[in-house]
Protein chains: 4
Amino acid sequence: MLMSTPKKIAILGASGYTGAELVRLIAGHQHMEIVALTADRKAGMTMAEVFPHLARLALPTLTTIEEVDFAGVDLVFCALPHGVMHKVVRTLPDHVKVVDLSADFRLDDAEIYKKWYGIEHTAMDIQPSVAYGLPEHYRDKIKRAKITANTGCYVATSLLPLIPLVKSGAIKADGIVIDGKSGVSGAGRGLAETMLFAEVNDGFRAYGVAHHRHMSELDQELSRAAGRPVMPSFTPHLVPMSRGMMATIYASGDAVRAQQVLSDKYRDEPFVHVLELGQVPATRHVQGSNLCVIGVVADRSPDRVIVVSVLDNLMKGASGQAMQIANLMLGLDETEGLRMAPIFP
Amino acid sequence: MLMSTPKKIAILGASGYTGAELVRLIAGHQHMEIVALTADRKAGMTMAEVFPHLARLALPTLTTIEEVDFAGVDLVFCALPHGVMHKVVRTLPDHVKVVDLSADFRLDDAEIYKKWYGIEHTAMDIQPSVAYGLPEHYRDKIKRAKITANTGCYVATSLLPLIPLVKSGAIKADGIVIDGKSGVSGAGRGLAETMLFAEVNDGFRAYGVAHHRHMSELDQELSRAAGRPVMPSFTPHLVPMSRGMMATIYASGDAVRAQQVLSDKYRDEPFVHVLELGQVPATRHVQGSNLCVIGVVADRSPDRVIVVSVLDNLMKGASGQAMQIANLMLGLDETEGLRMAPIFP
Amino acid sequence: MLMSTPKKIAILGASGYTGAELVRLIAGHQHMEIVALTADRKAGMTMAEVFPHLARLALPTLTTIEEVDFAGVDLVFCALPHGVMHKVVRTLPDHVKVVDLSADFRLDDAEIYKKWYGIEHTAMDIQPSVAYGLPEHYRDKIKRAKITANTGCYVATSLLPLIPLVKSGAIKADGIVIDGKSGVSGAGRGLAETMLFAEVNDGFRAYGVAHHRHMSELDQELSRAAGRPVMPSFTPHLVPMSRGMMATIYASGDAVRAQQVLSDKYRDEPFVHVLELGQVPATRHVQGSNLCVIGVVADRSPDRVIVVSVLDNLMKGASGQAMQIANLMLGLDETEGLRMAPIFP
Amino acid sequence: MLMSTPKKIAILGASGYTGAELVRLIAGHQHMEIVALTADRKAGMTMAEVFPHLARLALPTLTTIEEVDFAGVDLVFCALPHGVMHKVVRTLPDHVKVVDLSADFRLDDAEIYKKWYGIEHTAMDIQPSVAYGLPEHYRDKIKRAKITANTGCYVATSLLPLIPLVKSGAIKADGIVIDGKSGVSGAGRGLAETMLFAEVNDGFRAYGVAHHRHMSELDQELSRAAGRPVMPSFTPHLVPMSRGMMATIYASGDAVRAQQVLSDKYRDEPFVHVLELGQVPATRHVQGSNLCVIGVVADRSPDRVIVVSVLDNLMKGASGQAMQIANLMLGLDETEGLRMAPIFP
């Protein structure tokens, strides 16, 4: 077998959890090689110092973005905070592809971006060419894109079941309730009192009730699926666990048809698994893997449906899906580096 | 100060978590004394063997129910599995009051009891005299009752906000969604693979989707509040924490009015605390205490409300509320033994 | 019964975990009343904002230390970081008693204090009058003291078994190994990447190996007990739990005699419980209480002993013991406010 | 590239955690294929029913051992309880290689096996040909063996540092203290009240103090290394985490030399990583990988050393090491299927 030259990869923002997860994935990828890792405040440190679990890997030292020679880079994963990439993107050479894990290119409307992220968008002219990073629904555009905007984690968890259900009419687009639950790594490695172990452990809390940023993305994509403006109720909650995400979705519709629609839609997808009617998944069934598992249950009221969707927020909810997207953009096998089974317990 | 003779208390089913919690509460109660503890399969053992954290307390040895001399007992806490108390109750002397933590006397309809618990009810003739154990809404009846049926934990968490909201019309009784989350102690100390640490830790799962037993109670009491049959959607979830419970409730209505109704209703209640509009509670704010804390948030859609209610499932969700009820039934100060602040972290 | 006027209490450093725990304890104390709470960086905030679990208590707003009128204060709990109290103490009126939870007055030697805490001690002249805050061994001095220095948490856990064992010669003072394990609240509420939930959860680590500050206290008190300099091996570890502490102690000696010595010494102590030979305690047996429970096991080698000692690091390891000390200093019942049973699960 | 025919693998006892972990590893292995999975009590069930996280893999249905046709099997992983394999082994065809994760073939002395496991050994005649499954120390014998006895998890964690240190004389063989800590999966999936989430969560406990079965193995191998009988002190503890194991080892010796000895010994080993003097590892640095990481620290007393060793108890402590052994026995690359980086957080 002739081995192709590995694709040269840079990770911007490698000192966060999604950055470290990308490093882990590339370490097991046959056709990628890391040539640059950046972390502005930790520039000069080794990854082993920042993430001791990666100490056995041969990795470049952390640098600033300015120090990266993008001439030798095929693809950039951007794991930076929101508001940086829409500026950086203009400085990249033409041949460099970008998978952006931030929210900078997820929203089509600069006003809405400004409303939710508080930032004036400076690259909205590029937006029409950006692919929305949900491969199961935008695969063709992703393959051709120079920039793909990876979805938010709650958004992937919710849209994977909801887009086909709304599009098909199996559920009504109005009155949808999405009760979200996330592991703590979704909040990143930044310092906050609310994220200390002693504050999170052995407890459960809601946050961002009625005003979480992912709502803007949910609205955009659900409205697209419905063909008219829709606005679900959405409440995120914090679970005392490191990884994992669940959306419990309540809607009006027919459960049998809903399960059938999802089952048909995702039958051949490598990373979406639809359970038989009445079965529901748990986050531990997908931990460490790129899987999204979906269950549909008929509620007691005859025309009500409950859908439970789970994924690993650092994998299919962030870095795993980003890798899936990168594979598509680089013409590689979509599952390369992502075939590991979930880890349990 | 003249000390009254302490009330003599028996706990049936003292080897479970709610039984142990009752022992903890009585240990700090000025006017109660434990005279009998039963646990059929562990009869003959000391509580120190069954629950080492109680080793410093002077407690009677565990016996069978048959061995208890109820003549010297003022009040019985029944922490037995469902289906036992409706038989035992007939064997008790007339003077003995009963707080039943099982589901045996919660439902007014023998058919519904049979449907959800699979048991033929043999004491339905007593049912009309039984008080439903939600003191904030049935205080007068509880004070006069010989038997009070403590509410289910999810039910207390949900009804404390929902009864006033439905009664007042501040929210619509139809289309209510209750997304419930519970700590693991709610499942009791019985052996089950799904309750092993390695299965629960670092994960999150739904269970009993669309067919949890507490639905029967929710339906009964919400229908009573609405004056007509209503049937909410309800999904319980298991959180990797020992204690704590949350209900995230989605409904149609006006948030400002909803917060006002709850605030007015519970202003003088010792164990229900309503937050200002827009604030939400966390389970860690009530751990170890008998408090239920409720927050109301206006959803993005103008006529949608999100209510978050939390309590400690072993306290206000079980043994704490049972103690509150016992105090009422015995003519004691309702807060006796229950004034401890929450424990954090 | 004639109620005495409650003692007026100030807590310096009330925005940390030990401060909040003191508030919780005073809320259940018959003869204490909080008149001042300080927290320099959070001055002006209410305790409900800083600790929502205390929202139902009527408490003074947080102030700076300078704003406190100590004239009306009977006793000050100092829950400040190390290095502050040895300065503040000189500004207090003569009648004010002090229980210092920091390390400022634990060490008799200014050089050793400087070596381990990096601070020049400015009140070493007071030190001889300060009582060392281990009531079971320094009760008489504590009763008469104006200032008592509460022990470190690892130190209380280790010394409660070790002082009697070393003094009696039941174990040899040389070659003692203390393997310590602590819940996360021992590190306080300060922001540190290593204390984030995602870093601590589902893992275990050692820290401060061979150079933890509590060593200085262990050395001082064990040498006092032995009558000559001794220096144990000590390694602290971080457990993914909120509260709780264990010391597993390995020594040469006779296990039967060791258990007897401890059993005799602590028979009448309200907060130290010695198990029968061969039994060992768990941290969950003492959570939320002021108990220290000690077990002694004969190792396989005939002359080797293993001792396991547990306590709640925020209670007997910090605020609970501080309350025990305050009761002694104020002439109150030593167990007042501390009689609660452990909370489990 | 010419692909060799995959080796045909049977897993006996596939319904436990080590069995499931072997399935996960084989799913990512280039040269192995599962042909049989047994689980006596769950025979007839699919792996998806027993372990939903494996639902996406094509796997044989669970059978009894009797139903397996060993003629087509190259290698058997035995993940059965202790006491079964020494009987089953006689029924296997000659060509079948065995990696036994139970304790049946770890001990050279039938008396000691009986003493610790309570079972009369019936295959002690085979024992001399069995390899002891610590590849870093018995690689050559393993390559030639028909049966290899995988080490116990605590034993691997302790022996990887201790064998070279004792052999070289860098530490003294007498007076070694091993303080062990394990995640909960080490106890398996069997039902026990002590393993329920609510019992383990947020707490820490010692168990098997002075009489844990792994002591027999530690004694055997340390005595072999020392060339004379030695008997360390060993206390295992249970950590509220799913996976991970740490041994904190206290010994007399020279830390600089100790670090050098370990560093030299393991420089080229793929799965053992020795840190620089003074650094210590955490269990989260190895989770999900086959790594053992070792740190050496000089204690305060000049001739005392503290060694911290960590691994993932289901990987290098059980199934990962078993896979490493299987690779050696089958002539495959020793790291095949085991090259994944640790997963964090």
# chains A, B, ... in the order shown; residues from 1 in each chain; ligands from 1

$ select_by_dssp --residues "region 42-173 of chain A" --states "strand (DSSP E or B)" --output "PyMOL selection string"
chain A and resi 62-63+75-78+97-100+131-133+147-150+171

$ write_last_selection --atoms "all heavy atoms" --output "CSV table (one decimal), in the first residue's frame"
chain,number,residue,atom,x,y,z
A,62,LEU,N,4.3,24.8,22.1
A,62,LEU,CA,3.3,25.8,21.9
A,62,LEU,C,3.9,27.2,21.4
A,62,LEU,O,4.9,27.6,22.0
A,62,LEU,CB,2.5,26.0,23.2
A,62,LEU,CG,1.6,24.8,23.6
A,62,LEU,CD1,1.1,25.0,25.0
A,62,LEU,CD2,0.4,24.6,22.6
A,63,THR,N,3.2,27.8,20.5
A,63,THR,CA,3.7,29.1,20.0
A,63,THR,C,2.5,30.1,20.0
A,63,THR,O,1.4,29.7,20.3
A,63,THR,CB,4.3,29.0,18.6
A,63,THR,OG1,3.2,28.7,17.7
A,63,THR,CG2,5.3,28.0,18.5
A,75,LEU,N,-4.3,22.3,6.8
A,75,LEU,CA,-5.6,22.5,7.4
A,75,LEU,C,-5.4,23.0,8.8
A,75,LEU,O,-4.5,22.6,9.6
A,75,LEU,CB,-6.5,21.3,7.4
A,75,LEU,CG,-7.9,21.4,8.0
A,75,LEU,CD1,-8.9,20.6,7.2
A,75,LEU,CD2,-7.9,20.9,9.5
A,76,VAL,N,-6.2,24.0,9.2
A,76,VAL,CA,-6.2,24.6,10.5
A,76,VAL,C,-7.4,24.2,11.3
A,76,VAL,O,-8.5,24.4,10.8
A,76,VAL,CB,-6.1,26.1,10.5
A,76,VAL,CG1,-6.3,26.8,11.8
A,76,VAL,CG2,-4.7,26.6,9.9
A,77,PHE,N,-7.2,23.6,12.5
A,77,PHE,CA,-8.3,23.5,13.4
A,77,PHE,C,-8.3,24.8,14.3
A,77,PHE,O,-7.3,25.0,15.0
A,77,PHE,CB,-8.2,22.3,14.3
A,77,PHE,CG,-8.5,21.0,13.6
A,77,PHE,CD1,-7.5,20.1,13.3
A,77,PHE,CD2,-9.8,20.6,13.3
A,77,PHE,CE1,-7.7,18.9,12.7
A,77,PHE,CE2,-10.1,19.4,12.7
A,77,PHE,CZ,-9.0,18.6,12.4
A,78,CYS,N,-9.4,25.5,14.4
A,78,CYS,CA,-9.4,26.7,15.3
A,78,CYS,C,-10.2,26.3,16.5
A,78,CYS,O,-11.4,26.2,16.4
A,78,CYS,CB,-10.0,27.8,14.5
A,78,CYS,SG,-10.4,29.2,15.7
A,97,LYS,N,-7.1,25.2,4.5
A,97,LYS,CA,-8.5,25.0,4.9
A,97,LYS,C,-8.7,25.2,6.4
A,97,LYS,O,-7.7,25.0,7.1
A,97,LYS,CB,-8.9,23.6,4.5
A,97,LYS,CG,-8.9,23.4,2.9
A,97,LYS,CD,-9.2,21.9,2.6
A,97,LYS,CE,-8.9,21.7,1.1
A,97,LYS,NZ,-10.1,22.1,0.3
A,98,VAL,N,-9.9,25.5,6.8
A,98,VAL,CA,-10.1,25.8,8.2
A,98,VAL,C,-11.4,25.1,8.7
A,98,VAL,O,-12.4,25.1,8.1
A,98,VAL,CB,-10.4,27.3,8.4
A,98,VAL,CG1,-10.8,27.7,9.8
A,98,VAL,CG2,-9.1,28.1,7.9
A,99,VAL,N,-11.2,24.4,9.8
A,99,VAL,CA,-12.3,23.9,10.6
A,99,VAL,C,-12.4,24.7,11.8
A,99,VAL,O,-11.5,24.7,12.7
A,99,VAL,CB,-12.2,22.4,10.9
A,99,VAL,CG1,-13.5,21.9,11.6
A,99,VAL,CG2,-12.0,21.6,9.7
A,100,ASP,N,-13.4,25.5,12.0
A,100,ASP,CA,-13.5,26.5,13.1
A,100,ASP,C,-14.5,26.0,14.1
A,100,ASP,O,-15.7,25.8,13.9
A,100,ASP,CB,-14.0,27.8,12.5
A,100,ASP,CG,-14.0,28.9,13.6
A,100,ASP,OD1,-13.5,28.6,14.7
A,100,ASP,OD2,-14.5,30.0,13.3
A,131,ALA,N,-19.3,26.5,5.1
A,131,ALA,CA,-20.2,25.4,5.2
A,131,ALA,C,-20.6,25.2,6.7
A,131,ALA,O,-19.7,25.5,7.6
A,131,ALA,CB,-19.5,24.0,4.8
A,132,TYR,N,-21.8,24.9,7.0
A,132,TYR,CA,-22.2,24.7,8.3
A,132,TYR,C,-21.9,23.2,8.7
A,132,TYR,O,-22.2,22.3,8.0
A,132,TYR,CB,-23.7,24.9,8.5
A,132,TYR,CG,-24.2,24.8,9.9
A,132,TYR,CD1,-23.9,25.8,10.8
A,132,TYR,CD2,-25.0,23.7,10.4
A,132,TYR,CE1,-24.3,25.7,12.2
A,132,TYR,CE2,-25.4,23.6,11.7
A,132,TYR,CZ,-25.0,24.6,12.6
A,132,TYR,OH,-25.4,24.5,13.9
A,133,GLY,N,-21.2,23.1,9.8
A,133,GLY,CA,-20.4,21.8,10.1
A,133,GLY,C,-21.2,20.7,10.7
A,133,GLY,O,-20.8,20.1,11.7
A,147,ILE,N,-13.8,26.9,4.4
A,147,ILE,CA,-14.0,27.1,5.8
A,147,ILE,C,-15.3,26.3,6.2
A,147,ILE,O,-16.3,26.5,5.5
A,147,ILE,CB,-14.2,28.5,6.2
A,147,ILE,CG1,-13.0,29.4,5.7
A,147,ILE,CG2,-14.4,28.7,7.7
A,147,ILE,CD1,-13.2,30.9,6.0
A,148,THR,N,-15.2,25.5,7.3
A,148,THR,CA,-16.4,25.0,7.8
A,148,THR,C,-16.5,25.4,9.3
A,148,THR,O,-15.6,25.3,10.0
A,148,THR,CB,-16.4,23.4,7.7
A,148,THR,OG1,-16.3,23.1,6.3
A,148,THR,CG2,-17.7,22.8,8.3
A,149,ALA,N,-17.7,25.7,9.7
A,149,ALA,CA,-18.0,26.1,11.1
A,149,ALA,C,-18.6,25.0,11.8
A,149,ALA,O,-19.8,24.6,11.6
A,149,ALA,CB,-19.0,27.3,11.1
A,150,ASN,N,-17.8,24.3,12.6
A,150,ASN,CA,-18.3,23.2,13.5
A,150,ASN,C,-19.5,23.7,14.3
A,150,ASN,O,-19.5,24.8,14.8
A,150,ASN,CB,-17.2,22.8,14.4
A,150,ASN,CG,-17.3,21.3,14.8
A,150,ASN,OD1,-18.0,20.6,14.2
A,150,ASN,ND2,-16.6,21.0,15.9
A,171,ILE,N,-42.8,15.6,13.5
A,171,ILE,CA,-43.2,16.4,14.6
A,171,ILE,C,-43.5,17.8,14.2
A,171,ILE,O,-43.0,18.2,13.1
A,171,ILE,CB,-42.1,16.4,15.7
A,171,ILE,CG1,-40.8,17.2,15.2
A,171,ILE,CG2,-41.7,15.0,16.2
A,171,ILE,CD1,-39.8,17.5,16.3

$ select_by_dssp --residues "region 219-326 of chain D" --states "alpha helix (DSSP H)" --output "list in words"
Asp219, Gln220, Glu221, Leu222, Ser223, Arg224, Ala225, Ala226, Ala255, Val256, Arg257, Ala258, Gln259, Gln260, Val261, Leu262, Ser263, Asp264, Lys265, Tyr266, Gly320, Gln321, Ala322, Met323, Gln324, Ile325 and Ala326 of chain D

$ closest_atom_pairs --of "chain A" --to "chain B" --cutoff "7 Å" --atoms "only C-alpha atoms" --output "tab-separated table"
residue	atom	partner	partner_atom	distance
A:Ala198	CA	B:Pro345	CA	5.9
A:Glu199	CA	B:Pro345	CA	6.5
A:Asp202	CA	B:Met241	CA	4.3
A:Gly203	CA	B:Arg284	CA	5.3
A:Phe204	CA	B:Thr283	CA	5.6
A:Arg205	CA	B:Ala282	CA	4.5
A:Ala206	CA	B:Ala282	CA	7.0
A:Ala210	CA	B:Asp299	CA	5.1
A:Ser233	CA	B:Asp299	CA	7.0
A:Val239	CA	B:Val239	CA	6.9
A:Pro240	CA	B:Pro240	CA	6.5
A:Met241	CA	B:Asp202	CA	4.3
A:Ser242	CA	B:Asp202	CA	6.4
A:Gly244	CA	B:Gly203	CA	6.8
A:Ala282	CA	B:Arg205	CA	4.5
A:Thr283	CA	B:Gly203	CA	5.5
A:Arg284	CA	B:Gly203	CA	5.3
A:Asp299	CA	B:Ala210	CA	5.1
A:Arg300	CA	B:Ala210	CA	5.9
A:Pro345	CA	B:Ala198	CA	5.9

$ write_last_selection --atoms "C-alpha atoms" --output "short mmCIF file (atom, residue, chain, number, x, y, z; two decimals), in the first residue's frame"
data_model
loop_
_atom_site.label_atom_id
_atom_site.label_comp_id
_atom_site.auth_asym_id
_atom_site.auth_seq_id
_atom_site.Cartn_x
_atom_site.Cartn_y
_atom_site.Cartn_z
CA ALA A 198 -16.32 21.48 45.20
CA GLU A 199 -19.02 23.62 43.54
CA ASP A 202 -22.66 15.97 43.91
CA GLY A 203 -25.02 18.62 42.59
CA PHE A 204 -27.01 19.65 39.55
CA ARG A 205 -27.90 23.06 38.23
CA ALA A 206 -29.49 24.91 35.34
CA ALA A 210 -33.78 31.28 28.37
CA SER A 233 -37.64 26.39 24.46
CA VAL A 239 -24.08 17.51 35.18
CA PRO A 240 -21.27 16.50 37.55
CA MET A 241 -19.44 14.52 34.87
CA SER A 242 -16.43 15.31 32.71
CA GLY A 244 -21.21 13.72 27.81
CA ALA A 282 -27.22 7.08 28.12
CA THR A 283 -24.17 9.31 27.84
CA ARG A 284 -21.91 6.48 28.99
CA ASP A 299 -45.40 9.83 25.43
CA ARG A 300 -48.63 8.96 27.30
CA PRO A 345 -16.86 2.24 32.46
#

$ atom_distance --atom1 "CA of Ile163 (chain A)" --atom2 "CA of Ala247 (chain B)"
27.0 Å

$ residues_around --residues "Asp219 (chain D)" --least-positions-apart "5" --cutoff "10 Å" --atoms "only C-alpha atoms" --output "ChimeraX atom specification"
/D:155,214,224-225,229-232

$ residues_around --residues "Ala170 (chain D)" --least-positions-apart "2" --cutoff "6 Å" --atoms "only C-alpha atoms" --output "ChimeraX atom specification"
/D:165,168,253,258

$ residues_around --residues "region 13-27 of chain A" --least-positions-apart "2" --cutoff "8 Å" --atoms "only C-alpha atoms" --output "ChimeraX atom specification"
/A:11,29,32-34,37-40,42,47,50-51,54,57,62,78-80,185,188-189,314-315,318-320,323,337-338 /D:340-345

$ write_last_selection --atoms "C-alpha atoms" --output "short mmCIF file (atom, residue, chain, number, x, y, z; two decimals), in the first residue's frame"
data_model
loop_
_atom_site.label_atom_id
_atom_site.label_comp_id
_atom_site.auth_asym_id
_atom_site.auth_seq_id
_atom_site.Cartn_x
_atom_site.Cartn_y
_atom_site.Cartn_z
CA ILE A 11 -4.25 23.65 15.95
CA HIS A 29 -4.89 9.26 12.62
CA MET A 32 -2.38 13.70 9.59
CA GLU A 33 0.65 15.23 11.23
CA ILE A 34 0.71 18.17 13.63
CA LEU A 37 0.19 24.20 18.12
CA THR A 38 -0.67 27.65 19.42
CA ALA A 39 -1.75 28.99 22.80
CA ASP A 40 -1.06 32.64 23.24
CA LYS A 42 1.11 29.43 27.22
CA MET A 47 2.13 20.16 25.60
CA VAL A 50 0.03 21.81 29.77
CA PHE A 51 -1.49 18.34 29.38
CA LEU A 54 -0.02 13.74 26.18
CA LEU A 57 3.61 12.10 22.06
CA LEU A 62 3.26 25.83 21.87
CA CYS A 78 -9.41 26.66 15.26
CA ALA A 79 -10.19 25.93 18.93
CA LEU A 80 -9.95 29.57 19.95
CA SER A 185 -15.66 19.98 29.92
CA GLY A 188 -13.58 24.73 28.84
CA ARG A 189 -10.52 25.04 31.03
CA LEU A 314 -15.72 16.79 23.19
CA MET A 315 -16.14 14.30 20.33
CA ALA A 318 -16.69 19.32 19.17
CA SER A 319 -13.32 17.81 18.22
CA GLY A 320 -14.56 14.48 16.92
CA MET A 323 -12.09 15.69 12.62
CA GLY A 337 -9.06 8.50 13.32
CA LEU A 338 -12.60 8.17 14.64
CA MET D 340 -4.16 5.03 21.84
CA ALA D 341 -3.25 8.14 23.86
CA PRO D 342 -4.90 8.56 27.26
CA ILE D 343 -8.31 10.23 27.28
CA PHE D 344 -8.65 13.45 29.25
CA PRO D 345 -10.68 14.95 30.77
#

$ residues_around --residues "His31 (chain B)" --least-positions-apart "5" --cutoff "9 Å" --atoms "only C-alpha atoms" --output "PDB file with C-alpha atoms, in the first residue's frame"
ATOM      1  CA  MET B   3     -40.048  19.292  78.882  1.00  0.00           C
ATOM      2  CA  SER B   4     -42.891  17.175  77.589  1.00  0.00           C
ATOM      3  CA  THR B   5     -42.488  13.414  77.516  1.00  0.00           C
ATOM      4  CA  PRO B   6     -40.949  12.548  74.171  1.00  0.00           C
ATOM      5  CA  LYS B   7     -43.198  10.967  71.583  1.00  0.00           C
ATOM      6  CA  LYS B   8     -42.422   7.298  71.013  1.00  0.00           C
ATOM      7  CA  ILE B  26     -34.934  12.110  65.262  1.00  0.00           C
ATOM      8  CA  LEU B 332     -45.474  19.782  67.737  1.00  0.00           C
ATOM      9  CA  GLU B 336     -38.784  20.846  65.077  1.00  0.00           C
ATOM     10  CA  GLY B 337     -35.787  18.745  64.073  1.00  0.00           C
TER      11      GLY B 337
END

$ atom_distance --atom1 "CA of Leu107 (chain A)" --atom2 "CA of Ile294 (chain A)"
25.6 Å

$ residues_around --residues "Ala103 (chain A)" --least-positions-apart "6" --cutoff "10 Å" --atoms "only C-alpha atoms" --output "ChimeraX atom specification"
/A:80-86,113,117,149-152,213-214,217

$ atom_distance --atom1 "CA of Glu49 (chain B)" --atom2 "CA of Pro164 (chain C)"
27.4 Å
